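Structure first, commentary second.
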Amino acid sequence: MNATVPPAELGPQQHEMPFAIVDGEPVTEPPKDLYIPPQALKVFLEAFEGPLDLLLYLIRRQNLDVLDIPIAEITRQYLEYIDLMRDLELELAGEYLLMAAMLAEIKSRMLLPRPASDGAEEDDPRAELVRRLQEYERFKRAAEDIDHLPRLERDVFPGKAELVERHVAPLLPDVTLKEMLLAFKDVIQRAAMFAHHHVQRERLSVRQRMSEILLHLHGGELIDFARLFRVEEGRMGVTVTFVAVLELLREGLLDIVQADTFAPLHVRAAAPRPTPAANDDAAPAAT
Amino acid sequence: MDEQSLKNVIEAALLAAGRPVGAAELRELFDEFARPELAEVERALEQLAADYQGRGIALKEVASGWRIEVRAEFSQAVSRLWQERPAKYSRALLETLALIAYRQPITRGEIEDVRGVAVNPNIIRTVIERGWVRVIGHREVPGRPELLATTREFLDYFGLKTLDDLPTLAQLKDVETLGVQLEFEPQAAGPEASDVQEAPGAEPPAAVAGD
Amino acid sequence: MDEQSLKNVIEAALLAAGRPVGAAELRELFDEFARPELAEVERALEQLAADYQGRGIALKEVASGWRIEVRAEFSQAVSRLWQERPAKYSRALLETLALIAYRQPITRGEIEDVRGVAVNPNIIRTVIERGWVRVIGHREVPGRPELLATTREFLDYFGLKTLDDLPTLAQLKDVETLGVQLEFEPQAAGPEASDVQEAPGAEPPAAVAGD
């Protein structure tokens with residue numbers, strides 16, 4: 001920084017002006033005639049994070065405690081900085097002016113003589129300001145602390161290894177029984193099948209047994225009819241099997257074979273029926 | 001610089017880089033006064049590769065330098081980190097599955113008759129691949145359509161002992177309230193849970209059926 | 001599964017994941033029949049951490065799980081792999097972040113009350129886009145302002161396991177003692193004390209003016 005003649009408009013405040021680091025060293029004792037380029041001043045003033053930050057700076061600069069602010073002096077200095085910001089045409093947030101008004105109010109209240117009787121109970125007019133300053137300072141410190149934490153990208157580098165081949169076996173969706181039942185209820189309602197009450201009474205174990213018997217006969221061989229029944233299932237099981245066989249017969253899915261009168265009954269899956277030569281006819285006619 | 005520190009810096013750099021790094025570039029990471037010779041870097045790389053024997057990772061030289069990779073034998077397990085949450089099954093699939101359960105043995109044409117729309121063959125394939133449905137025969141009509149039925153796995157998945165544990169159509173009318181009651185049921189003890197009878201609409205066990 | 005294989009899969013997974021992985025998720029990487037107990041996974045992690053002693057990398061637990069990172073002593077050398085300087089965050093952003101971290105859930109208005117200035121909406125947007133902060137609800141007052149809170153990614157980014165690991169917030173001094181003149185800060189005794197003395201709370205530190 002070059003020492004030159006101070007510009008006239010900055011003259012009166014000049015001894016108050018702080019300024020930036022020179023060659024990494026903070027300059028604490030500015031020569032009286034040192035010229036501060038307005039840009040540097042601007043950078044300095046812009047660095048304040050609002051009126052509380054500026055006030056804290058003014059207090060700390062004089063090694064004063066937040067708990068005992070010489071309010072008249074601090075108010076004077078604060079207003080000087082506000083004027084400086086205006087002169088430099090910095091965007092001055094409304095909060096700065098609000099704070100100026102608050103300081104002026106505190107100052108005037110402190111000048112008033114306190115009534116002797118209830119003076120002990122009366123709050124110090126600075127109390128609210130002190131509370132806010134302390135509160136702000138805590139978080140200003142906390143922000144610095146967070147900034148000092150070792151963090152990713154700047155201080156901490158996580159290790160990564162290349163996964164050359166990724167085999168992602170997709171997980172299969174889960175289904176709840178309730179979901180399926182709701183879907184079934186809808187489809188049945190659409191098909192108006194609730195009207196058929198014989199369907200309501202149908203035992204699903206018959207259907208299950210039908211599937212089991214058909215699976216059993218899938219190979220195409222003849223099976224002894226009696227072997228379809230299991231005594232250990234009791235009368236109910238036998239009945240279910242019998243109804244299932246009848247139902248399979250009715251649906252044409254099963255043939256019962258008897259070689260001779262009184263010969264054992266055999267069952268087998270229904271044999272393919274002669275189909276028309278033109279298989280195309282077998283396709284369901286689309287309409 | 002001793003060998004261990006050299007290896008340490010190289011290991012740290014290769015793991016942090018997220019890309020292959022050449023020996024010359026690795027050398028540049030060291031302060032000038034402590035910069036190793038290229039041959040030393042290469043020797044350290046060889047030692048690192050040897051250290052990784054029998055470990056989950058390996059050091060490999062590719063075109064643009066050295067990189068640390070997951071060993072192929074572990075890629076299967078590691079890949080599970082990216083397993084996506086599955087999409088839900090479609091309404092059409094659930095309806096088809098329910099119809100097979102309630103009306104088995106049933107053909108695709110019969111399902112279509114009830115649903116009033118064509119059944120996408122992918123749906124049938126999906127439920128068969130899932131192990132819930134299988135072809136148990138053919139209906140002896142023109143075209144010999146496949147007869148579909150549910151499997152033992154289907155019952156297991158939904159925590160049912162038999163198809164009779166499914167609610168009747170009459171009970172189904174109240175399936176919403178049925179479901180509300182079920183949510184307060186204590187979790188069934190296991191796949192063979194014997195209390196399924198009391199809870200015909202019991203939620204299936206959380207576990208995905210083995211695949 | 002033997003201990004070495006367990007360690008190998010865990011090491012491979014942590015290095016492949018590109019994010020911290022929790023012990024429970026690591027356990028899920030194993031086939032059901034070979035799945036270790038959670039305690040075994042935790043023991044393997046401990047052993048892995050011990051294996052890394054004297055090496056270029058370290059195992060660290062953060063909020064969303066475990067990650068392998070370059071040991072602090074090597075980060076300077078490793079940082080030479082990248083040309084660009086890492087992003088710096090403004091004081092306004094850090095103060096806003098500090099308020100959200102220590103005072104969550106908090107509204108923008110409450111942040112403004114403490115800081116004494118309006119919060120630039122870009123700052124909120126930035127911390128949300130970085131995944132450090134999210135809206136977790138609304139305060140039921142006129143205008144229903146958004147309630148902001150930090151995420152696990154915030155903790156991960158700053159190497160913390162829980163919010164309790166944040167540096168302790170300075171104590172408020174008793175306003176009752178108002179009027180008692182104190183010469184110096186009592187907390188100026190710590191290791192950071194020297195900076196504080198030179199520029200007692202004065203930011204920017206560059207600017208210390210004499211009267």
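Residues in the structure tokens are named by chain (A, B, ... in the order shown) and by number from 1 within that chain; ligands are numbered from 1 in the order shown.
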Could you list, as a list of chain:residue names, every residue within 12 Å of Pro145 of chain C, counting only C-alpha atoms and ignoring same-chain residues fewer than 5 positions away?
C:Pro105, C:Ile106, C:Thr107, C:Arg108, C:Gly109, C:Glu110, C:Ile111, C:Val135, C:Ile136, C:Gly137, C:His138, C:Arg139, C:Glu140
Pair the Cα atoms of chain B and chain C in order, fit the first onto the second, and let me know the RMSD in Å.
18.4 Å
Taking 5 positions as the minimum chain separation for residues in the same chain, which residues sit within 7 Å of segment 99-104 of chain A when counting only C-alpha atoms? Answer as a ChimeraX atom specification.
/A:51,75,79
May I have all residues of segment 45-153 of chain B that DSSP, computed from the backbone, assigns to strand (DSSP E), given as number ranges by chain?
B: 57-62, 65-70, 133-138, 146-150
Selection file, N, CA and C atoms, as an mmCIF file, in the first residue's frame:
data_model
loop_
_atom_site.group_PDB
_atom_site.id
_atom_site.type_symbol
_atom_site.label_atom_id
_atom_site.label_comp_id
_atom_site.auth_asym_id
_atom_site.auth_seq_id
_atom_site.Cartn_x
_atom_site.Cartn_y
_atom_site.Cartn_z
ATOM 1 N N ILE B 57 -8.984 -56.652 -2.028
ATOM 2 C CA ILE B 57 -8.672 -55.749 -3.125
ATOM 3 C C ILE B 57 -7.400 -56.198 -3.821
ATOM 4 N N ALA B 58 -7.167 -55.662 -4.999
ATOM 5 C CA ALA B 58 -5.973 -56.005 -5.767
ATOM 6 C C ALA B 58 -5.451 -54.752 -6.453
ATOM 7 N N LEU B 59 -4.144 -54.733 -6.669
ATOM 8 C CA LEU B 59 -3.530 -53.614 -7.379
ATOM 9 C C LEU B 59 -3.329 -54.056 -8.822
ATOM 10 N N LYS B 60 -3.755 -53.221 -9.738
ATOM 11 C CA LYS B 60 -3.702 -53.632 -11.127
ATOM 12 C C LYS B 60 -3.197 -52.483 -11.986
ATOM 13 N N GLU B 61 -2.376 -52.806 -12.983
ATOM 14 C CA GLU B 61 -1.917 -51.777 -13.894
ATOM 15 C C GLU B 61 -2.803 -51.788 -15.135
ATOM 16 N N VAL B 62 -3.367 -50.638 -15.443
ATOM 17 C CA VAL B 62 -4.161 -50.494 -16.663
ATOM 18 C C VAL B 62 -3.488 -49.436 -17.519
ATOM 19 N N GLY B 65 -2.375 -46.135 -15.853
ATOM 20 C CA GLY B 65 -1.672 -46.176 -14.583
ATOM 21 C C GLY B 65 -2.125 -47.324 -13.700
ATOM 22 N N TRP B 66 -1.925 -47.130 -12.395
ATOM 23 C CA TRP B 66 -2.266 -48.164 -11.430
ATOM 24 C C TRP B 66 -3.571 -47.829 -10.738
ATOM 25 N N ARG B 67 -4.331 -48.870 -10.491
ATOM 26 C CA ARG B 67 -5.546 -48.627 -9.721
ATOM 27 C C ARG B 67 -5.815 -49.805 -8.801
ATOM 28 N N ILE B 68 -6.580 -49.537 -7.758
ATOM 29 C CA ILE B 68 -6.942 -50.584 -6.805
ATOM 30 C C ILE B 68 -8.362 -51.025 -7.137
ATOM 31 N N GLU B 69 -8.515 -52.331 -7.297
ATOM 32 C CA GLU B 69 -9.818 -52.880 -7.693
ATOM 33 C C GLU B 69 -10.316 -53.853 -6.633
ATOM 34 N N VAL B 70 -11.614 -54.037 -6.653
ATOM 35 C CA VAL B 70 -12.197 -55.108 -5.852
ATOM 36 C C VAL B 70 -11.871 -56.427 -6.551
ATOM 37 N N VAL B 133 -46.622 -70.194 -9.435
ATOM 38 C CA VAL B 133 -47.598 -70.814 -10.332
ATOM 39 C C VAL B 133 -46.873 -71.827 -11.200
ATOM 40 N N ARG B 134 -47.549 -72.928 -11.519
ATOM 41 C CA ARG B 134 -46.947 -73.785 -12.528
ATOM 42 C C ARG B 134 -48.032 -74.400 -13.420
ATOM 43 N N VAL B 135 -47.538 -74.922 -14.524
ATOM 44 C CA VAL B 135 -48.432 -75.578 -15.476
ATOM 45 C C VAL B 135 -48.599 -77.013 -15.007
ATOM 46 N N ILE B 136 -49.836 -77.417 -14.752
ATOM 47 C CA ILE B 136 -50.011 -78.783 -14.255
ATOM 48 C C ILE B 136 -50.682 -79.674 -15.300
ATOM 49 N N GLY B 137 -50.927 -79.182 -16.473
ATOM 50 C CA GLY B 137 -51.537 -80.011 -17.513
ATOM 51 C C GLY B 137 -52.106 -79.116 -18.602
ATOM 52 N N HIS B 138 -52.929 -79.747 -19.428
ATOM 53 C CA HIS B 138 -53.552 -78.993 -20.528
ATOM 54 C C HIS B 138 -55.024 -79.301 -20.556
ATOM 55 N N GLU B 146 -52.755 -74.375 -21.540
ATOM 56 C CA GLU B 146 -52.117 -74.823 -20.299
ATOM 57 C C GLU B 146 -53.034 -74.574 -19.105
ATOM 58 N N LEU B 147 -53.003 -75.524 -18.199
ATOM 59 C CA LEU B 147 -53.751 -75.366 -16.956
ATOM 60 C C LEU B 147 -52.790 -74.855 -15.886
ATOM 61 N N LEU B 148 -53.162 -73.767 -15.272
ATOM 62 C CA LEU B 148 -52.288 -73.139 -14.283
ATOM 63 C C LEU B 148 -52.807 -73.395 -12.873
ATOM 64 N N ALA B 149 -51.888 -73.594 -11.949
ATOM 65 C CA ALA B 149 -52.262 -73.799 -10.545
ATOM 66 C C ALA B 149 -51.181 -73.187 -9.667
ATOM 67 N N THR B 150 -51.542 -72.897 -8.433
ATOM 68 C CA THR B 150 -50.538 -72.349 -7.514
ATOM 69 C C THR B 150 -49.694 -73.482 -6.930
#
May I have the residues of chain A within 7 Å of chain B, counting only C-alpha atoms, written as a PyMOL selection string?
chain A and resi 157-163+165-174+176-178+180-185+187+191+200+203-205+207-208+211+214-215+218+253+270+272-273+275+282-283
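Of the residues under consideration (C:Arg55, C:Pro36, C:Gly22, C:Arg27), C:Arg55 shows the shortest atom-to-atom contact distance to chain B when counting only C-alpha atoms.
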Going by DSSP on the backbone, which residues of chain B come out as alpha helix (DSSP H)? List them as a PyMOL selection string.
chain B and resi 3-17+23-28+38-51+72-79+91-103+108-115+121-129+152-157+169-172+175-183
Just the residues within 12 Å of Arg76 of chain A, please, counting only C-alpha atoms, with nothing from its chain fewer than 5 positions along; format it as a PyMOL selection string.
chain A and resi 13+16+55+58+70-71+81-83+100-101+103-104+107
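Of the listed residues (C:Gly131, C:Gly56, C:Thr126, C:Arg35), C:Gly56 comes nearest to chain B; the distances count only C-alpha atoms.
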